[in-house]
$ cat target-v2.pdb   # PDB, C-alpha atoms, pLDDT in the B column
ATOM      1  CA  MET A   1     -85.735  -7.275  13.885  1.00 45.00           C
ATOM      2  CA  VAL A   2     -88.893  -8.084  15.818  1.00 46.00           C
ATOM      3  CA  VAL A   3     -87.197 -11.169  17.231  1.00 45.00           C
ATOM      4  CA  LEU A   4     -84.233  -9.095  18.468  1.00 44.00           C
ATOM      5  CA  ALA A   5     -86.542  -6.573  20.086  1.00 47.00           C
ATOM      6  CA  GLY A   6     -88.324  -9.395  21.893  1.00 48.00           C
ATOM      7  CA  ILE A   7     -85.059 -10.906  23.070  1.00 47.00           C
ATOM      8  CA  ARG A   8     -83.878  -7.488  24.283  1.00 47.00           C
ATOM      9  CA  GLU A   9     -87.018  -7.129  26.415  1.00 55.00           C
ATOM     10  CA  LEU A  10     -86.934 -10.691  27.773  1.00 55.00           C
ATOM     11  CA  MET A  11     -83.205 -11.033  28.280  1.00 51.00           C
ATOM     12  CA  PRO A  12     -81.606  -7.578  28.536  1.00 51.00           C
ATOM     13  CA  GLU A  13     -78.391  -9.047  29.932  1.00 50.00           C
ATOM     14  CA  LEU A  14     -77.712 -10.568  26.503  1.00 45.00           C
ATOM     15  CA  VAL A  15     -77.950  -7.208  24.757  1.00 44.00           C
ATOM     16  CA  LYS A  16     -75.168  -5.109  26.228  1.00 43.00           C
ATOM     17  CA  ILE A  17     -74.301  -1.515  25.434  1.00 41.00           C
ATOM     18  CA  PRO A  18     -70.702  -1.333  24.227  1.00 43.00           C
ATOM     19  CA  ARG A  19     -68.484  -0.145  27.082  1.00 47.00           C
ATOM     20  CA  GLU A  20     -66.870   2.605  25.031  1.00 52.00           C
ATOM     21  CA  GLY A  21     -70.269   4.083  24.213  1.00 66.00           C
ATOM     22  CA  ALA A  22     -71.221   4.192  27.888  1.00 65.00           C
ATOM     23  CA  GLU A  23     -67.904   5.840  28.818  1.00 66.00           C
ATOM     24  CA  ASP A  24     -68.303   8.408  26.054  1.00 71.00           C
ATOM     25  CA  ARG A  25     -71.806   9.272  27.248  1.00 79.00           C
ATOM     26  CA  GLN A  26     -70.617   9.568  30.842  1.00 77.00           C
ATOM     27  CA  MET A  27     -67.735  11.847  29.839  1.00 80.00           C
ATOM     28  CA  SER A  28     -70.055  14.014  27.714  1.00 83.00           C
ATOM     29  CA  ALA A  29     -72.480  14.355  30.620  1.00 85.00           C
ATOM     30  CA  LEU A  30     -69.678  15.314  33.015  1.00 91.00           C
ATOM     31  CA  GLN A  31     -68.319  17.917  30.585  1.00 90.00           C
ATOM     32  CA  GLU A  32     -71.612  19.769  30.872  1.00 92.00           C
ATOM     33  CA  ASP A  33     -70.707  20.677  34.470  1.00 92.00           C
ATOM     34  CA  TYR A  34     -66.938  20.242  34.723  1.00 93.00           C
ATOM     35  CA  THR A  35     -63.822  21.340  32.885  1.00 92.00           C
ATOM     36  CA  ILE A  36     -61.893  18.099  32.565  1.00 90.00           C
ATOM     37  CA  SER A  37     -58.141  17.932  32.140  1.00 84.00           C
ATOM     38  CA  HIS A  38     -57.393  15.223  29.600  1.00 70.00           C
ATOM     39  CA  CYS A  39     -53.715  15.029  30.460  1.00 67.00           C
ATOM     40  CA  ASN A  40     -52.508  11.572  29.391  1.00 63.00           C
ATOM     41  CA  GLY A  41     -56.071  10.242  29.462  1.00 84.00           C
ATOM     42  CA  MET A  42     -55.816   9.605  33.212  1.00 89.00           C
ATOM     43  CA  VAL A  43     -59.243  11.036  34.038  1.00 90.00           C
ATOM     44  CA  THR A  44     -60.904   8.770  31.486  1.00 88.00           C
ATOM     45  CA  GLN A  45     -58.871   5.818  32.719  1.00 89.00           C
ATOM     46  CA  LEU A  46     -59.806   6.389  36.376  1.00 90.00           C
ATOM     47  CA  LEU A  47     -63.490   6.781  35.476  1.00 90.00           C
ATOM     48  CA  ALA A  48     -63.325   3.479  33.579  1.00 89.00           C
ATOM     49  CA  GLN A  49     -61.619   1.721  36.510  1.00 89.00           C
ATOM     50  CA  GLU A  50     -64.014   3.138  39.124  1.00 90.00           C
ATOM     51  CA  PRO A  51     -67.463   3.625  37.536  1.00 87.00           C
ATOM     52  CA  ALA A  52     -68.899   5.014  40.799  1.00 92.00           C
ATOM     53  CA  LEU A  53     -66.688   8.096  40.406  1.00 95.00           C
ATOM     54  CA  GLY A  54     -68.718   9.344  37.454  1.00 94.00           C
ATOM     55  CA  ASP A  55     -71.924   9.042  39.443  1.00 95.00           C
ATOM     56  CA  LEU A  56     -70.362  10.855  42.391  1.00 97.00           C
ATOM     57  CA  LEU A  57     -69.129  13.667  40.173  1.00 97.00           C
ATOM     58  CA  SER A  58     -72.600  14.076  38.660  1.00 96.00           C
ATOM     59  CA  GLU A  59     -74.277  14.058  42.059  1.00 97.00           C
ATOM     60  CA  ALA A  60     -71.751  16.513  43.572  1.00 98.00           C
ATOM     61  CA  VAL A  61     -72.551  19.387  41.201  1.00 97.00           C
ATOM     62  CA  SER A  62     -75.624  20.640  43.043  1.00 97.00           C
ATOM     63  CA  PRO A  63     -74.085  20.447  46.544  1.00 98.00           C
ATOM     64  CA  LEU A  64     -70.953  22.226  45.275  1.00 98.00           C
ATOM     65  CA  ARG A  65     -73.070  25.002  43.797  1.00 97.00           C
ATOM     66  CA  ASP A  66     -75.077  25.238  47.013  1.00 97.00           C
ATOM     67  CA  ALA A  67     -71.884  25.639  49.036  1.00 97.00           C
ATOM     68  CA  PHE A  68     -69.806  27.866  46.723  1.00 97.00           C
ATOM     69  CA  GLY A  69     -72.462  29.614  44.640  1.00 94.00           C
ATOM     70  CA  ASP A  70     -73.737  29.190  41.104  1.00 93.00           C
ATOM     71  CA  GLY A  71     -71.498  29.859  38.156  1.00 90.00           C
ATOM     72  CA  ARG A  72     -68.274  28.568  39.687  1.00 94.00           C
ATOM     73  CA  LEU A  73     -65.942  26.724  37.342  1.00 95.00           C
ATOM     74  CA  LEU A  74     -65.468  23.117  38.464  1.00 97.00           C
ATOM     75  CA  LYS A  75     -62.240  21.484  37.288  1.00 96.00           C
ATOM     76  CA  VAL A  76     -61.435  17.774  37.370  1.00 95.00           C
ATOM     77  CA  ARG A  77     -57.915  16.481  36.964  1.00 94.00           C
ATOM     78  CA  ALA A  78     -56.072  13.284  37.723  1.00 93.00           C
ATOM     79  CA  GLN A  79     -53.267  13.250  40.246  1.00 91.00           C
ATOM     80  CA  GLN A  80     -50.847  10.375  40.220  1.00 86.00           C
ATOM     81  CA  SER A  81     -48.172   9.245  42.632  1.00 82.00           C
ATOM     82  CA  ASP A  82     -46.014   6.148  42.696  1.00 79.00           C
ATOM     83  CA  ASP A  83     -48.616   4.299  44.742  1.00 82.00           C
ATOM     84  CA  ASP A  84     -51.966   5.704  43.737  1.00 87.00           C
ATOM     85  CA  SER A  85     -54.058   7.769  41.383  1.00 90.00           C
ATOM     86  CA  LEU A  86     -57.050   9.909  42.229  1.00 93.00           C
ATOM     87  CA  LEU A  87     -59.357  12.529  40.800  1.00 95.00           C
ATOM     88  CA  LYS A  88     -59.265  16.015  42.233  1.00 95.00           C
ATOM     89  CA  VAL A  89     -62.170  18.403  41.825  1.00 97.00           C
ATOM     90  CA  ALA A  90     -61.220  22.019  42.365  1.00 97.00           C
ATOM     91  CA  VAL A  91     -63.811  24.765  42.602  1.00 97.00           C
ATOM     92  CA  GLN A  92     -62.226  27.800  40.946  1.00 96.00           C
ATOM     93  CA  LEU A  93     -62.764  30.965  42.975  1.00 96.00           C
ATOM     94  CA  PRO A  94     -61.812  34.495  41.989  1.00 93.00           C
ATOM     95  CA  ALA A  95     -59.168  36.338  44.005  1.00 91.00           C
ATOM     96  CA  ASP A  96     -61.902  38.667  45.261  1.00 89.00           C
ATOM     97  CA  PHE A  97     -64.236  35.822  46.314  1.00 90.00           C
ATOM     98  CA  ASP A  98     -66.845  37.365  48.559  1.00 87.00           C
ATOM     99  CA  GLY A  99     -67.072  34.633  51.150  1.00 89.00           C
ATOM    100  CA  ASP A 100     -65.131  32.219  53.281  1.00 94.00           C
ATOM    101  CA  ALA A 101     -63.810  29.456  51.007  1.00 96.00           C
ATOM    102  CA  GLU A 102     -62.879  27.182  53.927  1.00 97.00           C
ATOM    103  CA  ARG A 103     -66.366  27.542  55.345  1.00 97.00           C
ATOM    104  CA  ALA A 104     -67.937  26.776  51.955  1.00 97.00           C
ATOM    105  CA  LEU A 105     -65.824  23.622  51.652  1.00 98.00           C
ATOM    106  CA  SER A 106     -66.781  22.639  55.198  1.00 98.00           C
ATOM    107  CA  ILE A 107     -70.474  23.089  54.368  1.00 97.00           C
ATOM    108  CA  PHE A 108     -70.068  20.901  51.272  1.00 98.00           C
ATOM    109  CA  ASP A 109     -68.274  18.270  53.366  1.00 98.00           C
ATOM    110  CA  LYS A 110     -70.909  18.229  56.115  1.00 98.00           C
ATOM    111  CA  GLU A 111     -73.947  18.448  53.863  1.00 97.00           C
ATOM    112  CA  TRP A 112     -72.933  15.939  51.187  1.00 98.00           C
ATOM    113  CA  TRP A 113     -69.386  14.618  50.933  1.00 98.00           C
ATOM    114  CA  ILE A 114     -69.084  12.913  54.326  1.00 97.00           C
ATOM    115  CA  LYS A 115     -72.254  10.945  53.530  1.00 98.00           C
ATOM    116  CA  ASN A 116     -70.924   9.881  50.131  1.00 97.00           C
ATOM    117  CA  CYS A 117     -67.126   9.682  50.338  1.00 97.00           C
ATOM    118  CA  HIS A 118     -67.151   5.948  51.078  1.00 96.00           C
ATOM    119  CA  ARG A 119     -68.406   5.389  47.529  1.00 96.00           C
ATOM    120  CA  SER A 120     -65.197   6.844  46.071  1.00 95.00           C
ATOM    121  CA  CYS A 121     -62.861   4.203  47.526  1.00 92.00           C
ATOM    122  CA  GLY A 122     -60.418   7.005  48.308  1.00 92.00           C
ATOM    123  CA  SER A 123     -60.103   7.962  44.626  1.00 94.00           C
ATOM    124  CA  LEU A 124     -61.811  11.371  44.709  1.00 96.00           C
ATOM    125  CA  VAL A 125     -61.093  14.587  46.581  1.00 97.00           C
ATOM    126  CA  PHE A 126     -62.755  17.996  46.559  1.00 98.00           C
ATOM    127  CA  ASP A 127     -61.020  21.306  47.175  1.00 97.00           C
ATOM    128  CA  TYR A 128     -61.008  24.900  45.999  1.00 97.00           C
ATOM    129  CA  GLU A 129     -58.416  27.042  44.259  1.00 96.00           C
ATOM    130  CA  ILE A 130     -58.253  30.811  44.359  1.00 94.00           C
ATOM    131  CA  GLN A 131     -57.297  32.279  41.017  1.00 88.00           C
ATOM    132  CA  ASP A 132     -54.657  34.951  40.818  1.00 79.00           C
ATOM    133  CA  ALA A 133     -55.885  38.434  40.059  1.00 52.00           C
ATOM    134  CA  VAL A 134     -55.038  39.474  36.501  1.00 54.00           C
TER     135      VAL A 134
END

$ encode --input "target-v2.pdb" --output "structure tokens"
Amino acid sequence: MVVLAGIRELMPELVKIPREGAEDRQMSALQEDYTISHCNGMVTQLLAQEPALGDLLSEAVSPLRDAFGDGRLLKVRAQQSDDDSLLKVAVQLPADFDGDAERALSIFDKEWWIKNCHRSCGSLVFDYEIQDAV
């Protein structure tokens, strides 16, 4: 065991974390801040194909809260067309949202997303949804 520990320190590229374990940890971390739709496993698949998306989602939480307010439900779902697949983040707002949702989204865009969108390779979008009054 001492030999393996020494090898791990000297040559970390030889001791790799299993990919599934890393994906599981990333998904667990994201579920702390987002409600994730697991429809057909597309979200997991897109995160595996584009590892930068997980980092972007993690980094976006604070700017989204700054723009829309704390305590907002953040939903992630995959959207698929014939040509492409992408992740959509929707900030869930109540029907009686006390604010301008378009302005909040614009603030998020200007303050954070425009500076970071290039990292998504066109595979991530942010929006809001207003919930129906019950």

$ atom_distance --input "target-v2.pdb" --atom1 "CA of Ala90 in chain A" --atom2 "CA of Leu74 in chain A"
5.9 Å

$ atom_distance --input "target-v2.pdb" --atom1 "CA of Ala67 in chain A" --atom2 "CA of Leu105 in chain A"
6.9 Å

$ residues_around --input "target-v2.pdb" --residues "Gln49 in chain A" --least-positions-apart "4" --cutoff "12 Å" --atoms "all atoms listed in the file" --output "ChimeraX atom specification"
/A:19,23,42-45,53-54,85-87,120-121,123

$ closest_residue --input "target-v2.pdb" --among "A:Asp96, A:Arg72, A:Ser81, A:Gln26" --to "Ala52 in chain A" --atoms "all atoms listed in the file"
A:Gln26

$ closest_residue --input "target-v2.pdb" --among "A:Ala29, A:Gln80, A:Phe97, A:Leu46" --to "Glu59 in chain A" --atoms "all atoms listed in the file"
A:Ala29
